[in-house]
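Content type compact mmCIF, C-alpha atoms, from the file start_22.txt:
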# COMPACT_ATOMS: atom_id res chain seq x y z
CA MET X 22 -2.14 5.56 7.43
CA LEU X 23 -1.98 1.90 8.41
CA PHE X 24 -4.16 -0.89 7.06
CA SER X 25 -5.09 -3.67 9.46
CA ILE X 26 -7.49 -6.59 9.59
CA SER X 27 -10.36 -5.27 11.66
CA SER X 28 -13.16 -2.82 11.02
CA SER X 29 -10.97 0.26 11.25
CA ILE X 30 -7.84 1.99 10.06
CA ILE X 31 -5.04 3.66 12.01
CA THR X 32 -3.93 7.22 11.41
CA PRO X 33 -1.29 9.48 12.92
CA ARG X 34 -2.20 12.40 15.15
CA HIS X 35 -0.56 14.87 12.77
CA HIS X 36 -2.86 13.76 9.90
CA SER X 37 -0.01 12.99 7.56
CA LEU X 38 0.36 9.21 7.40
CA ARG X 39 -1.86 6.16 6.95
CA PHE X 40 -1.60 2.48 7.98
CA HIS X 41 -3.48 -0.51 6.54
CA SER X 42 -4.36 -3.66 8.40
CA ARG X 43 -6.80 -6.15 6.99
CA ARG X 44 -9.65 -5.66 9.36
CA ARG X 45 -12.24 -2.96 8.95
CA ARG X 46 -10.12 -0.68 11.05
CA ALA X 47 -7.41 1.88 10.58
CA LEU X 48 -4.98 3.93 12.58
CA LEU X 49 -5.12 7.67 11.97
CA PRO X 50 -3.54 10.72 13.60
CA SER X 51 -5.04 11.27 17.02
CA ALA X 52 -7.09 14.40 17.52
CA SER X 53 -7.00 14.21 21.30
CA ALA X 54 -4.48 13.52 24.02
CA ASN X 55 -6.88 11.13 25.74
CA ARG X 56 -7.84 7.64 24.69
CA GLU X 57 -11.52 7.07 25.27
CA SER X 58 -13.64 4.01 24.65
CA PRO X 59 -15.36 3.97 21.25
CA PRO X 60 -19.13 4.08 21.40
CA PRO X 61 -20.95 0.72 21.35
CA GLN X 62 -22.01 1.08 17.74
CA GLN X 63 -18.35 1.41 16.76
CA ILE X 64 -17.31 -1.59 18.82
CA ASN X 65 -19.97 -3.68 17.12
CA ASN X 66 -18.41 -2.83 13.77
CA VAL X 67 -15.10 -4.53 14.62
CA ILE X 68 -14.72 -7.70 12.59
CA SER X 69 -12.36 -10.58 12.09
CA ARG X 70 -8.63 -10.49 11.72
CA ARG X 71 -8.30 -10.07 7.96
CA GLN X 72 -9.86 -6.75 7.17
CA LEU X 73 -8.31 -3.65 8.75
CA ILE X 74 -6.60 -1.13 6.63
CA GLY X 75 -4.26 1.37 8.20
CA GLY X 76 -1.54 3.42 6.53
CA PHE X 77 0.43 6.62 6.22
CA HIS X 78 -0.51 9.52 3.94
CA ALA X 79 1.02 12.97 3.63
CA ALA X 80 -2.16 15.00 3.64
CA ALA X 81 -5.29 14.10 5.55
CA ALA X 82 -6.52 11.44 7.90
CA VAL X 83 -9.04 8.72 7.40
CA SER X 84 -11.64 8.73 10.20
CA LEU X 85 -10.49 9.90 13.58
CA SER X 86 -11.61 7.70 16.46
CA PRO X 87 -10.31 6.79 19.91
CA LEU X 88 -7.42 4.36 19.86
CA GLY X 89 -8.36 2.22 22.80
CA SER X 90 -10.29 1.92 26.02
CA LYS X 91 -7.40 2.47 28.43
CA ALA X 92 -6.63 5.95 29.69
CA LEU X 93 -3.01 7.06 29.43
CA ALA X 94 -0.93 6.69 32.54
CA ALA X 95 0.86 9.79 33.70
CA ASP X 96 4.23 8.43 32.61
CA GLU X 97 3.02 6.71 29.41
CA PRO X 98 4.22 8.40 26.19
CA LEU X 99 1.49 9.74 23.96
CA SER X 100 1.06 7.61 20.84
CA GLU X 101 0.93 9.25 17.44
CA TRP X 102 -1.79 6.88 16.23
CA GLU X 103 -5.41 6.12 16.94
CA ARG X 104 -7.96 3.69 15.56
CA VAL X 105 -10.76 4.56 13.17
CA TYR X 106 -13.79 2.32 12.58
CA LEU X 107 -15.25 1.84 9.11
CA PRO X 108 -18.75 0.98 7.84
CA ILE X 109 -18.01 -2.18 5.85
CA ASP X 110 -19.05 -5.81 5.95
CA PRO X 111 -16.98 -8.37 7.87
CA GLY X 112 -15.68 -10.18 4.79
CA VAL X 113 -14.22 -7.08 3.10
CA VAL X 114 -10.44 -6.77 2.80
CA LEU X 115 -9.26 -3.18 2.33
CA LEU X 116 -6.43 -2.72 -0.17
CA ASP X 117 -5.55 0.92 -0.92
CA ILE X 118 -6.24 4.53 0.03
CA ALA X 119 -5.64 7.92 -1.59
CA PHE X 120 -6.57 11.55 -1.01
CA VAL X 121 -7.07 14.29 -3.58
CA PRO X 122 -3.93 16.50 -3.56
CA ASP X 123 -5.94 19.68 -4.24
CA ASP X 124 -8.41 18.81 -1.44
CA PRO X 125 -6.74 16.75 1.33
CA SER X 126 -10.06 16.39 3.14
CA HIS X 127 -11.40 14.31 0.23
CA GLY X 128 -10.26 10.70 -0.01
CA PHE X 129 -11.17 7.19 -1.17
CA LEU X 130 -10.64 3.75 0.34
CA LEU X 131 -10.71 0.58 -1.80
CA GLY X 132 -11.24 -3.09 -1.12
CA THR X 133 -12.71 -6.40 -2.17
CA ARG X 134 -16.40 -7.00 -2.91
CA GLN X 135 -16.61 -3.81 -4.99
CA THR X 136 -15.86 -1.73 -1.88
CA ILE X 137 -15.26 1.99 -2.37
CA LEU X 138 -15.55 4.30 0.63
CA GLU X 139 -15.38 8.09 0.41
CA THR X 140 -14.63 10.81 2.96
CA LYS X 141 -15.03 14.56 2.57
CA ASP X 142 -13.99 15.59 6.07
CA GLY X 143 -10.42 14.37 6.25
CA GLY X 144 -11.45 10.89 7.29
CA ASN X 145 -13.65 11.69 10.27
CA THR X 146 -16.53 9.90 8.55
CA TRP X 147 -16.66 7.45 5.66
CA ALA X 148 -19.57 6.44 3.46
CA PRO X 149 -19.94 3.79 0.75
CA ARG X 150 -19.54 5.27 -2.72
CA SER X 151 -21.57 3.87 -5.60
CA ILE X 152 -20.10 4.10 -9.10
CA PRO X 153 -22.74 2.87 -11.58
CA SER X 154 -20.21 2.10 -14.33
CA ALA X 155 -18.41 -0.28 -11.94
CA GLU X 156 -21.51 -2.20 -10.91
CA ASP X 157 -21.83 -5.40 -12.87
CA GLU X 158 -24.04 -8.27 -11.85
CA ASP X 159 -21.64 -10.77 -13.41
CA PHE X 160 -18.53 -9.63 -11.51
CA ASN X 161 -17.59 -8.92 -7.91
CA TYR X 162 -14.70 -6.53 -8.43
CA ARG X 163 -11.63 -6.35 -6.24
CA PHE X 164 -10.33 -2.75 -6.40
CA ASN X 165 -6.55 -3.00 -6.00
CA SER X 166 -5.07 0.46 -6.47
CA ILE X 167 -5.97 4.17 -6.57
CA SER X 168 -3.90 7.25 -7.41
CA PHE X 169 -4.48 11.00 -7.85
CA LYS X 170 -2.52 13.78 -9.54
CA GLY X 171 -4.24 17.12 -9.09
CA LYS X 172 -7.93 16.46 -9.68
CA GLU X 173 -7.32 13.48 -11.94
CA GLY X 174 -7.64 10.04 -10.42
CA TRP X 175 -7.44 6.38 -11.46
CA ILE X 176 -8.68 3.08 -10.02
CA VAL X 177 -7.76 -0.40 -11.24
CA GLY X 178 -9.19 -3.72 -10.18
CA LYS X 179 -9.76 -7.41 -10.84
CA PRO X 180 -11.35 -8.70 -13.06
CA ALA X 181 -9.87 -6.10 -15.37
CA ILE X 182 -11.50 -2.74 -14.70
CA LEU X 183 -10.21 0.82 -15.05
CA LEU X 184 -11.96 3.94 -13.72
CA TYR X 185 -10.94 7.56 -14.39
CA THR X 186 -12.00 10.88 -12.92
CA ALA X 187 -11.10 14.41 -14.01
CA ASP X 188 -13.03 16.19 -11.25
CA ALA X 189 -11.47 14.86 -8.02
CA GLY X 190 -13.76 11.86 -7.86
CA ASP X 191 -17.11 13.62 -8.15
CA THR X 192 -17.77 11.53 -11.27
CA TRP X 193 -16.00 8.42 -12.55
CA GLN X 194 -16.04 6.95 -16.03
CA ARG X 195 -15.09 3.43 -17.01
CA ILE X 196 -12.31 3.08 -19.58
CA PRO X 197 -12.52 -0.04 -21.79
CA LEU X 198 -9.60 -2.48 -21.50
CA SER X 199 -8.43 -5.32 -23.67
CA ALA X 200 -9.27 -8.79 -22.40
CA GLN X 201 -5.81 -9.90 -23.57
CA LEU X 202 -3.83 -8.01 -20.93
CA PRO X 203 -1.12 -10.25 -19.45
CA GLY X 204 -1.94 -10.74 -15.78
CA ASP X 205 -4.10 -8.82 -13.33
CA MET X 206 -3.79 -5.08 -12.83
CA VAL X 207 -2.33 -4.53 -9.38
CA TYR X 208 -0.98 -0.97 -9.45
CA ILE X 209 -1.65 2.38 -11.09
CA GLN X 210 0.08 5.74 -10.74
CA ALA X 211 -1.32 9.07 -11.94
CA THR X 212 1.53 10.94 -13.63
CA GLY X 213 0.07 14.19 -15.02
CA ALA X 214 -2.57 15.64 -17.32
CA LYS X 215 -4.51 12.57 -18.52
CA GLY X 216 -1.41 10.49 -17.85
CA ALA X 217 -0.90 7.30 -15.87
CA GLU X 218 1.23 4.17 -15.54
CA MET X 219 -0.44 0.80 -15.02
CA VAL X 220 1.28 -2.43 -13.88
CA THR X 221 0.09 -6.05 -13.96
CA ASP X 222 1.25 -8.86 -11.69
CA GLN X 223 3.08 -10.44 -14.65
CA GLY X 224 5.28 -7.39 -15.09
CA ALA X 225 3.54 -5.60 -17.96
CA ILE X 226 3.79 -1.80 -17.69
CA TYR X 227 1.51 0.39 -19.77
CA ILE X 228 1.59 4.18 -20.17
CA THR X 229 -1.19 6.53 -21.31
CA SER X 230 -1.17 10.25 -22.01
CA ASN X 231 -4.75 10.66 -23.27
CA GLY X 232 -6.95 9.62 -20.39
CA GLY X 233 -6.60 5.89 -20.94
CA TYR X 234 -7.95 5.65 -24.47
CA ASN X 235 -4.57 4.46 -25.76
CA TRP X 236 -1.86 2.61 -23.85
CA LYS X 237 1.75 2.01 -24.85
CA ALA X 238 3.74 -0.96 -23.53
CA ALA X 239 6.85 0.19 -21.65
CA VAL X 240 8.44 -3.28 -21.50
CA GLN X 241 8.78 -5.68 -24.39
CA GLU X 242 7.89 -8.92 -22.60
CA THR X 243 6.51 -10.36 -19.39
CA VAL X 244 8.77 -11.27 -16.50
CA SER X 245 8.31 -14.98 -17.23
CA ALA X 246 9.65 -14.47 -20.75
CA THR X 247 12.58 -12.47 -19.41
CA LEU X 248 13.48 -15.18 -16.92
CA ASN X 249 13.25 -17.87 -19.57
CA ARG X 250 16.05 -16.02 -21.35
CA THR X 251 18.09 -15.31 -18.22
CA VAL X 252 17.54 -18.45 -16.14
CA SER X 253 21.16 -19.43 -16.78
CA SER X 254 22.46 -16.00 -15.74
CA GLY X 255 22.88 -16.94 -12.08
CA ILE X 256 19.59 -15.65 -10.64
CA SER X 257 18.83 -17.98 -7.77
CA GLY X 258 15.26 -19.25 -7.79
CA ALA X 259 14.40 -17.96 -11.27
CA SER X 260 13.58 -21.48 -12.45
CA TYR X 261 10.88 -21.69 -9.76
CA TYR X 262 9.22 -18.42 -10.74
CA THR X 263 5.45 -18.82 -10.91
CA GLY X 264 4.94 -15.84 -13.18
CA THR X 265 3.59 -13.16 -10.82
CA PHE X 266 4.80 -10.50 -8.41
CA SER X 267 3.99 -10.59 -4.72
CA THR X 268 4.62 -6.83 -4.35
CA VAL X 269 5.52 -3.93 -6.65
CA ASN X 270 6.51 -0.37 -5.67
CA ARG X 271 7.30 2.75 -7.70
CA SER X 272 9.69 5.57 -6.83
CA PRO X 273 8.81 9.24 -7.48
CA GLU X 274 11.31 9.13 -10.36
CA GLY X 275 9.41 6.30 -12.04
CA ASN X 276 11.69 3.38 -11.11
CA TYR X 277 10.08 0.10 -10.03
CA VAL X 278 11.09 -2.68 -7.67
CA ALA X 279 9.11 -5.93 -7.46
CA VAL X 280 9.43 -9.11 -5.40
CA SER X 281 8.95 -12.53 -6.97
CA SER X 282 5.96 -14.50 -5.76
CA ARG X 283 8.16 -16.89 -3.76
CA GLY X 284 10.36 -14.13 -2.40
CA ASN X 285 13.57 -15.73 -3.63
CA PHE X 286 14.73 -12.83 -5.81
CA TYR X 287 13.65 -9.33 -6.84
CA LEU X 288 13.40 -7.34 -10.05
CA THR X 289 13.85 -3.70 -11.01
CA TRP X 290 12.86 -1.57 -13.97
CA GLU X 291 13.91 1.95 -14.95
CA PRO X 292 12.25 4.07 -17.64
CA GLY X 293 13.77 3.27 -21.02
CA GLN X 294 14.79 -0.30 -20.19
CA PRO X 295 13.20 -2.89 -22.50
CA PHE X 296 12.99 -5.61 -19.82
CA TRP X 297 12.78 -6.11 -16.08
CA GLN X 298 16.19 -6.75 -14.52
CA PRO X 299 16.31 -9.71 -12.05
CA HIS X 300 18.56 -9.55 -8.98
CA ASN X 301 19.75 -12.12 -6.47
CA ARG X 302 18.65 -11.37 -2.92
CA ALA X 303 21.55 -10.44 -0.66
CA VAL X 304 20.10 -12.14 2.42
CA ALA X 305 19.51 -15.77 3.40
CA ARG X 306 15.80 -15.49 4.18
CA ARG X 307 13.19 -14.90 1.51
CA ILE X 308 12.00 -11.39 0.74
CA GLN X 309 8.68 -10.18 2.15
CA ASN X 310 8.53 -6.73 0.58
CA MET X 311 10.71 -4.01 -0.95
CA GLY X 312 10.30 -0.31 -1.63
CA TRP X 313 12.00 3.03 -2.03
CA ARG X 314 13.41 5.29 0.64
CA ALA X 315 12.89 9.04 0.46
CA ASP X 316 16.56 9.50 -0.49
CA GLY X 317 16.27 7.17 -3.50
CA GLY X 318 17.70 4.07 -1.85
CA LEU X 319 15.91 0.77 -1.23
CA TRP X 320 14.51 -0.90 1.87
CA LEU X 321 14.04 -4.66 2.08
CA LEU X 322 12.00 -6.78 4.50
CA VAL X 323 12.53 -10.53 4.93
CA ARG X 324 10.04 -13.17 5.97
CA GLY X 325 10.04 -13.92 9.66
CA GLY X 326 11.27 -10.44 10.59
CA GLY X 327 14.25 -8.39 9.51
CA LEU X 328 14.82 -4.94 8.01
CA TYR X 329 17.60 -4.12 5.55
CA LEU X 330 18.60 -0.84 3.89
CA SER X 331 20.60 -0.59 0.69
CA LYS X 332 24.06 0.91 0.78
CA GLY X 333 23.82 4.25 -0.96
CA THR X 334 21.03 5.24 -3.33
CA GLY X 335 19.71 3.81 -6.55
CA ILE X 336 19.42 0.16 -7.56
CA THR X 337 21.88 -2.20 -5.91
CA GLU X 338 22.28 -5.70 -4.51
CA GLU X 339 24.22 -4.53 -1.43
CA PHE X 340 22.17 -4.24 1.78
CA GLU X 341 22.92 -4.00 5.48
CA GLU X 342 20.68 -5.26 8.28
CA ILE X 343 19.22 -2.74 10.70
CA PRO X 344 18.43 -3.95 14.25
CA VAL X 345 14.74 -3.52 15.12
CA GLN X 346 12.59 -4.53 18.10
CA SER X 347 9.85 -6.43 16.30
CA ARG X 348 9.12 -8.85 19.18
CA GLY X 349 9.66 -11.74 16.81
CA PHE X 350 6.89 -10.69 14.43
CA GLY X 351 7.50 -10.02 10.76
CA ILE X 352 7.61 -6.48 9.39
CA LEU X 353 5.36 -6.13 6.35
CA ASP X 354 5.75 -2.58 5.04
CA VAL X 355 7.68 0.70 5.43
CA GLY X 356 6.53 4.24 4.63
CA TYR X 357 8.60 7.45 4.51
CA ARG X 358 7.35 10.93 5.39
CA SER X 359 10.75 12.55 4.76
CA GLN X 360 14.37 11.49 4.36
CA ASP X 361 14.65 11.33 8.14
CA GLU X 362 11.26 10.07 9.32
CA ALA X 363 9.76 6.70 8.41
CA TRP X 364 7.39 4.14 9.90
CA ALA X 365 7.41 0.35 9.70
CA ALA X 366 4.42 -1.90 10.40
CA GLY X 367 3.88 -5.61 10.72
CA GLY X 368 2.53 -8.61 12.55
CA SER X 369 0.52 -8.35 15.76
CA GLY X 370 0.22 -4.58 15.51
CA ILE X 371 3.95 -3.85 15.37
CA LEU X 372 4.69 -0.14 14.79
CA LEU X 373 8.23 1.22 14.53
CA LYS X 374 9.48 4.76 13.91
CA THR X 375 12.79 6.24 12.83
CA THR X 376 13.79 9.89 12.84
CA ASN X 377 17.38 9.40 11.65
CA SER X 378 16.95 7.88 8.18
CA GLY X 379 16.57 4.35 9.49
CA LYS X 380 19.72 4.06 11.58
CA THR X 381 17.66 3.33 14.70
CA TRP X 382 13.99 2.47 15.28
CA ILE X 383 11.73 2.83 18.31
CA ARG X 384 8.42 1.11 19.02
CA ASP X 385 5.06 2.85 19.14
CA LYS X 386 2.57 0.81 21.17
CA ALA X 387 -0.54 2.30 19.58
CA ALA X 388 -1.68 -0.98 18.03
CA ASP X 389 -0.39 -3.46 20.63
CA ASN X 390 -3.94 -4.30 21.69
CA ILE X 391 -5.25 -4.74 18.15
CA ALA X 392 -5.55 -8.43 17.28
CA ALA X 393 -4.45 -7.89 13.70
CA ASN X 394 -1.47 -7.49 11.43
CA LEU X 395 -0.66 -4.07 9.95
CA TYR X 396 -0.04 -4.66 6.26
CA SER X 397 0.59 -1.36 4.54
CA VAL X 398 1.94 2.11 5.29
CA LYS X 399 0.98 5.07 3.10
Would you kindly transcribe this structure into structure tokens?
Amino acid sequence: MLFSISSSIITPRHHSLRFHSRRRRALLPSASANRESPPPQQINNVISRRQLIGGFHAAAAVSLSPLGSKALAADEPLSEWERVYLPIDPGVVLLDIAFVPDDPSHGFLLGTRQTILETKDGGNTWAPRSIPSAEDEDFNYRFNSISFKGKEGWIVGKPAILLYTADAGDTWQRIPLSAQLPGDMVYIQATGAKGAEMVTDQGAIYITSNGGYNWKAAVQETVSATLNRTVSSGISGASYYTGTFSTVNRSPEGNYVAVSSRGNFYLTWEPGQPFWQPHNRAVARRIQNMGWRADGGLWLLVRGGGLYLSKGTGITEEFEEIPVQSRGFGILDVGYRSQDEAWAAGGSGILLKTTNSGKTWIRDKAADNIAANLYSVK
């Protein structure tokens, strides 16, 4: 699935990926070979450029809706994506999406202004979900991240809030958190029975194995403290570090890669290491985003456009640039369905696909007519 900035999301026709763009819109897998105009009530739901969420997911689709108003020409290739409209207010920015592994028709969509949407039909329809324990008159929560393992699920947000479900989201309970946590919670990963990993934007990693009642710190200090000790170690830009991550991504093996807020270097962490390890970027331009390939290697995006893949697998500082047709727009995220197939998304509705592990990429024009950036691929 893809997240974008209008009142919809974008999903693939095969119901296995999701895109986010920051409008109230998404791209989802297309259910039909024809592109028909959305009904007027759907068109009226489209909002400004900073709210669409579209992304890739390996199970079900968010809502399925026509991609555009133009019928396919006889010689025009069939796109794998179509737009889905969502029932949210214009000012909402959508941030994350997840489906229940045991029930891929059941999913949740998160955003600002205490936004939680729920689908029980694979994304064909979405409805606002009210969670009484998360409704506080004194706070307007921003829900940043959601993750499921089996029927257990977790949601984290800002100001500090943690929600847990043991029944696939039918009921949610609020888990108390310390007000002394360093930084804002930006990521959570369900890991097993009552287990999860939680990450803050200052680099704190906490692990629980009892449903969130106790948390153990996995690193001994924040990233700022680490850089204060290593600023003379040759990490370019470390002295300008503002103390927060711009992005953080976790591999299935539990390794993390994070990009500094200015994009001038990146950091990695592997289970058992006491501190984050800073790395010089191997490219001239600043880093936009980084993540893990399906084979265990890294991908790296630079500001202003540019896609790089690491040489080999594992953590490294050696990358090679991959030519892509981004039309001059920046690429913002990459998502892998398998070791061979991946999708990249970015500015002005850019969609790129590879079927050979990233050696070559081709454009998909599904979102060319969407006046929005595509920010995230799930």
X:Asn249, X:Ser397, X:Gln241, X:Thr229 ranked by distance to X:Gly312, top pick (using only C-alpha atoms): X:Ser397
Separation of atom CA of X:Gly132 from atom CA of X:Val355 in Å: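 Those two atoms sit 20.4 Å apart.
Distances from X:Leu198, X:Leu319, X:Leu116, X:Leu373 to X:Thr334 were compared using all atoms listed in the file, and the smallest one belongs to X:Leu319.
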Atom CA of X:Leu138 to atom CA of X:Gln210, distance in Å rounded to a single decimal: 19.4 Å
May I have the centre and edge lengths, in Å to one decimal, of an axis-aligned box around the listed atoms of stretch 363-379 of chain X with 4 Å added to every side, as lines of an AutoDock Vina configuration file?
center_x = 8.8
center_y = 0.6
center_z = 12.0
size_x = 25.2
size_y = 26.5
size_z = 15.6
Point (-0.3, 2.3, -14.5) neighbourhood (7 Å, only C-alpha atoms) written as a PyMOL selection string: chain X and resi 208-210+217-220+226-228
Contact residues around X:Glu362 with all atoms listed in the file at 7 Å, ignoring same-chain residues under 6 positions, as a list in words: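 Once the nearby chain positions are removed, what remains is Thr375, Thr376, Asn377 and Ser378 of chain X.
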Interatomic distance (Å, one decimal) between atom CA of X:Ser126 and atom CA of X:Asp142: 5.0 Å
Nearest-residue call for X:Thr381, choices X:Gly327, X:Pro344, X:Gly128, X:Gly178, using only C-alpha atoms: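 With only C-alpha atoms as the atom set, the closest residue is X:Pro344.
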Near-X:Gly204 list (9 Å; all atoms listed in the file; drop same-chain fewer than 6 positions) as a list in words: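 The neighbour list is Thr221, Asp222, Gln223, Gly224, Ala225, Gly264 and Thr265 of chain X.
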